[in-house]
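Here the structure is laid out as structure tokens; the discussion comes afterwards.
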Amino acid sequence: MDVPDNYGGLEDNFSNYENSYFVVLPVPLEKTVSYKGGTSLGPKAIINASQNMELFDEEFFVSTCTLGIHTKNEINCNQEIEKIMQEIEEESFKILNDKKFLCVLGGEHSVSQAPVKAAKRLYKDLSVLQFDAHLDLRDAYLGDKYSHASVMSRVEEQAPIVQLGIRSFSEEGNDKIKNGKYNIFYAKDIHDNKSWFNRALENLSENVYVTFDIDAFDPSLIPGTGTPEPGGLPWYLVCDFLKEVFFNKNVVGVDIVEVAPQESSTVSEFVASKLLYKMMTYKYIKIGRASCRERV
């Protein structure tokens with residue numbers, strides 16, 4: 001029997017839009033990559049990996065997929081970048097407005113500005129939590145304001161940001177953060193301890209969007225990404241912090257970007273798929289806890 005071609009390989013009763021709480025929006029964008037290519041292949045690779053992943057969570061002993069996971073058709077990325085961003089924003093807004101949990105799969109990091117813009121239309125106090133090796137705070141890169149290297153400049157036009165795992169940035173980026181007010185947690189300071197958890201949480205508003213550039217992880221865990229940087233974050237530390245964010249804030253949506261699959265390995269897309277499912281699970285647990293409080 002063929003496995004359904006959606007995130008998790010789920011049958012219709014757990015994957016149709018009406019009954020699904022989680023909605024996966026694939027965006028295979030690859031227009032401004034500046035080093036290694038392949039991000040256009042990321043969403044499909046992540047979805048394929050998810051079909052070979054156990055859907056019973058070993059941490060909380062739940063099957064998160066029972067809340068339903070719908071996979072949308074890919075955004076058409078063979079058009080002008082302004083049109084692409086408009087389509088991502090409108091599709092993201094529809095999903096959020098339908099009270100569903102938005103899960104965007106990139107594609108290059110430039111996609112993130114559009115779902116953030118959509119979320120801001122519904123959540124005025126929105127803040128953005130960025131996991132990344134890079135600041136991505138250039139005003140523009142090679143004259144392109146939509147570049148993956150300037151995405152967080154576009155995002156901060158919509159909402160305040162907290163940046164985690166940073167370990168690479170330009171002189172322009174350094175000048176910008178010296179002259180501005182930024183909440184940056186450098187990888188060298190946070191990779192082996194949890195003393196920063198509360199400070200990071202305090203800088204987030206009640207409603208949070210999470211953008212996760214997969215190169216936030218150490219390249220020993222994620223080799224398949226466009227610009228790998230040594231000294232990245234480890235799996236369990238990331239998961240532990242994400243739990244704190246999901247349990248203490250209202251995370252309204254997430255994206256995972258910059259997966260560039262390798263021919264010789266499926267590790268990167270599998271880790272990305274698992275990361276998304278972990279975040280879905282933390283939302284599942286948060287919903288369950290809130291429901292229990294309402295019944296008391």
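Order determines the names: the first chain of the structure tokens is A, the second B, and so forth; residues in each chain are numbered 1 upward, and ligands are numbered 1 upward as they are shown.
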
Report the residues of region 37-211 of chain A whose backbone DSSP state falls under alpha helix (DSSP H), written as a PyMOL selection string.
-> chain A and resi 42-50+81-97+113-122+151-156+171-178+187-190+197-202

Output C-alpha atoms of each residue in that selection to a file, as a compact mmCIF listing (two decimals), in the first residue's frame.
```
# COMPACT_ATOMS: atom_id res chain seq x y z
CA GLY A 42 14.23 21.16 1.33
CA PRO A 43 10.45 21.07 1.87
CA LYS A 44 9.91 17.93 -0.17
CA ALA A 45 12.86 16.20 1.49
CA ILE A 46 11.55 17.05 4.96
CA ILE A 47 8.09 15.75 4.09
CA ASN A 48 9.56 12.55 2.65
CA ALA A 49 11.64 12.07 5.80
CA SER A 50 8.56 12.52 7.98
CA ILE A 81 9.67 37.51 -5.42
CA GLU A 82 7.05 40.14 -4.49
CA LYS A 83 4.30 37.83 -5.75
CA ILE A 84 5.76 34.87 -3.88
CA MET A 85 5.84 36.84 -0.61
CA GLN A 86 2.27 38.00 -1.14
CA GLU A 87 1.06 34.42 -1.68
CA ILE A 88 2.92 33.14 1.40
CA GLU A 89 1.45 35.93 3.51
CA GLU A 90 -2.11 35.40 2.34
CA GLU A 91 -1.96 31.61 2.70
CA SER A 92 -0.38 31.97 6.16
CA PHE A 93 -3.04 34.47 7.21
CA LYS A 94 -5.84 32.15 6.13
CA ILE A 95 -4.35 29.27 8.14
CA LEU A 96 -3.86 31.41 11.25
CA ASN A 97 -7.26 33.03 10.91
CA GLN A 113 9.15 37.66 6.53
CA ALA A 114 5.80 36.76 4.93
CA PRO A 115 4.29 34.51 7.66
CA VAL A 116 5.50 36.97 10.30
CA LYS A 117 3.65 39.73 8.48
CA ALA A 118 0.55 37.53 8.40
CA ALA A 119 0.79 36.72 12.11
CA LYS A 120 1.21 40.39 12.97
CA ARG A 121 -2.17 41.10 11.37
CA LEU A 122 -3.77 38.92 14.06
CA VAL A 151 15.43 38.69 6.29
CA MET A 152 15.57 39.70 9.95
CA SER A 153 15.74 43.36 8.97
CA ARG A 154 12.40 42.80 7.24
CA VAL A 155 11.07 40.85 10.22
CA GLU A 156 12.02 43.49 12.78
CA GLU A 171 30.79 44.33 9.90
CA GLU A 172 27.57 46.00 8.76
CA GLY A 173 25.63 43.73 11.09
CA ASN A 174 27.99 44.51 13.95
CA ASP A 175 27.56 48.25 13.42
CA LYS A 176 23.81 47.82 13.40
CA ILE A 177 23.62 45.93 16.68
CA LYS A 178 26.04 48.38 18.36
CA ALA A 187 26.29 30.37 20.56
CA LYS A 188 29.57 30.57 22.47
CA ASP A 189 27.68 31.72 25.56
CA ILE A 190 24.68 29.38 25.51
CA PHE A 197 16.68 30.52 29.46
CA ASN A 198 14.80 32.98 31.69
CA ARG A 199 16.46 36.05 30.17
CA ALA A 200 15.49 34.95 26.69
CA LEU A 201 11.91 34.20 27.74
CA GLU A 202 11.57 37.60 29.42
```

Expected answer as a VMD selection string: strand (DSSP E) residues in region 49-289 of chain A = chain A and resid 69 to 71 101 to 106 127 to 131 161 to 166 183 to 186 207 to 213 250 to 257

Could you turn the residues from that selection into a file that holds N, CA, C and O atoms, as a compact mmCIF listing (two decimals), in the first residue's frame?
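Full text of again10.txt as output:
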```txt
# COMPACT_ATOMS: atom_id res chain seq x y z
N ILE A 69 -2.69 16.69 10.93
CA ILE A 69 -1.64 17.47 10.26
C ILE A 69 -1.98 17.52 8.78
O ILE A 69 -1.90 16.50 8.08
N HIS A 70 -2.35 18.68 8.32
CA HIS A 70 -2.67 18.86 6.90
C HIS A 70 -1.47 19.45 6.17
O HIS A 70 -0.82 20.37 6.67
N THR A 71 -1.19 18.93 4.99
CA THR A 71 -0.09 19.45 4.16
C THR A 71 -0.67 20.17 2.95
O THR A 71 -1.36 19.56 2.13
N PHE A 101 -2.51 25.89 13.57
CA PHE A 101 -1.11 26.16 13.90
C PHE A 101 -0.29 26.09 12.61
O PHE A 101 -0.23 25.05 11.96
N LEU A 102 0.36 27.18 12.27
CA LEU A 102 1.07 27.33 11.01
C LEU A 102 2.48 26.75 11.10
O LEU A 102 3.25 27.07 12.01
N CYS A 103 2.83 25.90 10.12
CA CYS A 103 4.16 25.28 10.04
C CYS A 103 4.70 25.47 8.63
O CYS A 103 4.33 24.73 7.71
N VAL A 104 5.55 26.47 8.44
CA VAL A 104 6.11 26.75 7.12
C VAL A 104 7.42 25.98 6.94
O VAL A 104 8.28 26.01 7.83
N LEU A 105 7.56 25.32 5.80
CA LEU A 105 8.80 24.63 5.48
C LEU A 105 9.47 25.31 4.29
O LEU A 105 8.92 25.34 3.19
N GLY A 106 10.66 25.91 4.56
CA GLY A 106 11.43 26.50 3.46
C GLY A 106 12.36 25.46 2.89
O GLY A 106 12.50 24.35 3.43
N SER A 127 6.07 38.79 18.97
CA SER A 127 7.53 38.83 18.93
C SER A 127 8.01 37.61 18.18
O SER A 127 7.27 36.64 18.00
N VAL A 128 9.26 37.66 17.72
CA VAL A 128 9.81 36.59 16.89
C VAL A 128 11.06 36.02 17.54
O VAL A 128 11.99 36.76 17.89
N LEU A 129 11.07 34.72 17.69
CA LEU A 129 12.23 33.99 18.22
C LEU A 129 12.98 33.38 17.04
O LEU A 129 12.43 32.54 16.31
N GLN A 130 14.21 33.79 16.85
CA GLN A 130 15.02 33.33 15.73
C GLN A 130 16.15 32.41 16.21
O GLN A 130 16.97 32.81 17.02
N PHE A 131 16.17 31.19 15.71
CA PHE A 131 17.31 30.30 15.88
C PHE A 131 18.14 30.40 14.60
O PHE A 131 17.62 30.17 13.51
N ILE A 161 12.57 41.05 17.92
CA ILE A 161 13.17 39.73 17.73
C ILE A 161 14.11 39.37 18.87
O ILE A 161 14.75 40.23 19.47
N VAL A 162 14.19 38.09 19.15
CA VAL A 162 15.19 37.51 20.04
C VAL A 162 15.97 36.50 19.21
O VAL A 162 15.37 35.63 18.57
N GLN A 163 17.31 36.63 19.20
CA GLN A 163 18.15 35.85 18.31
C GLN A 163 19.05 34.90 19.11
O GLN A 163 19.80 35.32 19.98
N LEU A 164 18.97 33.60 18.77
CA LEU A 164 19.70 32.56 19.50
C LEU A 164 20.65 31.80 18.58
O LEU A 164 20.29 31.47 17.45
N GLY A 165 21.83 31.48 19.11
CA GLY A 165 22.77 30.63 18.38
C GLY A 165 23.68 31.38 17.43
O GLY A 165 24.41 30.76 16.65
N ILE A 166 23.68 32.69 17.50
CA ILE A 166 24.43 33.53 16.55
C ILE A 166 25.93 33.31 16.72
O ILE A 166 26.47 33.30 17.83
N ASN A 183 18.31 41.73 21.24
CA ASN A 183 18.41 40.66 22.22
C ASN A 183 19.08 39.47 21.55
O ASN A 183 18.42 38.66 20.90
N ILE A 184 20.40 39.40 21.69
CA ILE A 184 21.20 38.40 20.98
C ILE A 184 21.85 37.47 21.99
O ILE A 184 22.49 37.92 22.95
N PHE A 185 21.72 36.18 21.76
CA PHE A 185 22.33 35.15 22.61
C PHE A 185 23.29 34.37 21.72
O PHE A 185 22.88 33.54 20.91
N TYR A 186 24.57 34.67 21.90
CA TYR A 186 25.60 34.08 21.04
C TYR A 186 25.83 32.61 21.39
O TYR A 186 25.79 32.22 22.57
N ASN A 207 2.58 36.42 22.60
CA ASN A 207 2.41 35.72 21.33
C ASN A 207 3.72 35.70 20.56
O ASN A 207 4.33 36.75 20.33
N VAL A 208 4.13 34.49 20.16
CA VAL A 208 5.47 34.30 19.60
C VAL A 208 5.40 33.51 18.29
O VAL A 208 4.64 32.54 18.17
N TYR A 209 6.19 33.95 17.34
CA TYR A 209 6.43 33.18 16.11
C TYR A 209 7.88 32.72 16.15
O TYR A 209 8.79 33.51 16.45
N VAL A 210 8.13 31.45 15.84
CA VAL A 210 9.47 30.88 15.87
C VAL A 210 9.97 30.67 14.44
O VAL A 210 9.33 29.95 13.66
N THR A 211 11.09 31.29 14.11
CA THR A 211 11.75 31.02 12.83
C THR A 211 13.05 30.28 13.11
O THR A 211 13.90 30.75 13.85
N PHE A 212 13.17 29.09 12.51
CA PHE A 212 14.31 28.21 12.83
C PHE A 212 15.12 27.94 11.57
O PHE A 212 14.76 27.11 10.75
N ASP A 213 16.20 28.70 11.42
CA ASP A 213 17.18 28.39 10.39
C ASP A 213 17.96 27.19 10.87
O ASP A 213 18.58 27.23 11.94
N ASN A 250 2.43 31.80 24.00
CA ASN A 250 1.50 31.31 22.99
C ASN A 250 2.21 31.33 21.64
O ASN A 250 2.22 32.37 20.96
N VAL A 251 2.81 30.21 21.28
CA VAL A 251 3.47 30.12 19.98
C VAL A 251 2.39 29.93 18.93
O VAL A 251 1.61 28.98 18.97
N VAL A 252 2.33 30.85 17.95
CA VAL A 252 1.25 30.84 16.96
C VAL A 252 1.64 30.19 15.65
O VAL A 252 0.78 29.81 14.85
N GLY A 253 2.94 30.07 15.42
CA GLY A 253 3.40 29.45 14.19
C GLY A 253 4.91 29.32 14.19
O GLY A 253 5.60 29.94 15.01
N VAL A 254 5.40 28.49 13.28
CA VAL A 254 6.84 28.24 13.20
C VAL A 254 7.23 28.09 11.73
O VAL A 254 6.41 27.80 10.87
N ASP A 255 8.51 28.28 11.48
CA ASP A 255 9.05 27.84 10.20
C ASP A 255 10.40 27.18 10.41
O ASP A 255 11.08 27.43 11.42
N ILE A 256 10.74 26.28 9.50
CA ILE A 256 12.06 25.65 9.45
C ILE A 256 12.60 25.89 8.05
O ILE A 256 11.95 25.53 7.06
N VAL A 257 13.77 26.51 7.97
CA VAL A 257 14.30 26.94 6.68
C VAL A 257 15.76 26.53 6.51
O VAL A 257 16.43 26.14 7.47
```

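You will find CA of Leu242 (chain A) at 7.3 Å from CA of Met279 (chain A).
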
For Ile222 (chain A), which residue out of A:Pro4, A:Gly288, A:Pro261, A:Gly38 is the nearest one, using only C-alpha atoms?
->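 Using only C-alpha atoms, Ile222 (chain A) sits closest to A:Pro261.
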
Pick from A:Gly232, A:Leu126, A:Asp192, A:Leu275 nearest to Pro160 (chain A), counting only C-alpha atoms |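 Among the listed residues, A:Leu126 lies closest to Pro160 (chain A).
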
Hey, which bits of region 46-87 of chain A sit within 9 Å of region 17-25 of chain A, and for each residue what's the closest pair of atoms and how far apart in Å (one decimal), counting only C-alpha atoms, rows by chain and increasing number, as a Markdown table?
```
| residue | atom | partner | partner_atom | distance |
| --- | --- | --- | --- | --- |
| A:Cys65 | CA | A:Phe22 | CA | 8.6 |
| A:Thr66 | CA | A:Ser20 | CA | 8.6 |
| A:Leu67 | CA | A:Tyr21 | CA | 5.8 |
| A:Gly68 | CA | A:Ser20 | CA | 3.8 |
| A:Ile69 | CA | A:Phe22 | CA | 4.7 |
| A:His70 | CA | A:Val23 | CA | 4.8 |
| A:Thr71 | CA | A:Val24 | CA | 4.7 |
| A:Lys72 | CA | A:Leu25 | CA | 5.3 |
| A:Asn73 | CA | A:Leu25 | CA | 7.1 |
| A:Glu74 | CA | A:Leu25 | CA | 6.7 |
| A:Ile75 | CA | A:Leu25 | CA | 7.7 |
```

Can you pull out every residue within 6 Å of Ser150 (chain A), counting only C-alpha atoms, but drop anything in the same chain fewer than 5 positions away, and send it as a short mmCIF file (atom, residue, chain, number, x, y, z; two decimals) with C-alpha atoms, in the first residue's frame?
```cif
data_model
loop_
_atom_site.label_atom_id
_atom_site.label_comp_id
_atom_site.auth_asym_id
_atom_site.auth_seq_id
_atom_site.Cartn_x
_atom_site.Cartn_y
_atom_site.Cartn_z
CA ASP A 136 20.66 38.21 8.85
CA LEU A 137 20.42 41.93 9.65
CA ARG A 138 21.82 43.50 6.50
CA ASP A 139 19.44 46.12 5.17
CA ALA A 140 19.90 44.48 1.77
#
```

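Here the question is which of A:Leu276, A:Val245, A:Ile287, A:Ala260 gets nearest to Pro228 (chain A) using only C-alpha atoms, and that residue is A:Ala260.
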
Just the residues within 12 Å of Pro219 (chain A), please, counting only C-alpha atoms, with nothing from its chain fewer than 6 positions along; format it as a ChimeraX atom specification.
-> /A:133,225-235,259,267-268,271

Could you jot down the CA of Val111 (chain A) to CA of Leu41 (chain A) separation for me, Å, one decimal place?
-> 14.3 Å

Work out how far apart CA of Cys77 (chain A) and CA of Pro28 (chain A) are and give it in Å to one decimal.
->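 Answer for the CA of Cys77 (chain A) to CA of Pro28 (chain A) separation: 6.6 Å.
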
With distances taken over only C-alpha atoms, which of A:Phe56, A:Tyr282, A:Tyr277, A:Tyr146 is nearest to Tyr7 (chain A)?
-> A:Tyr277
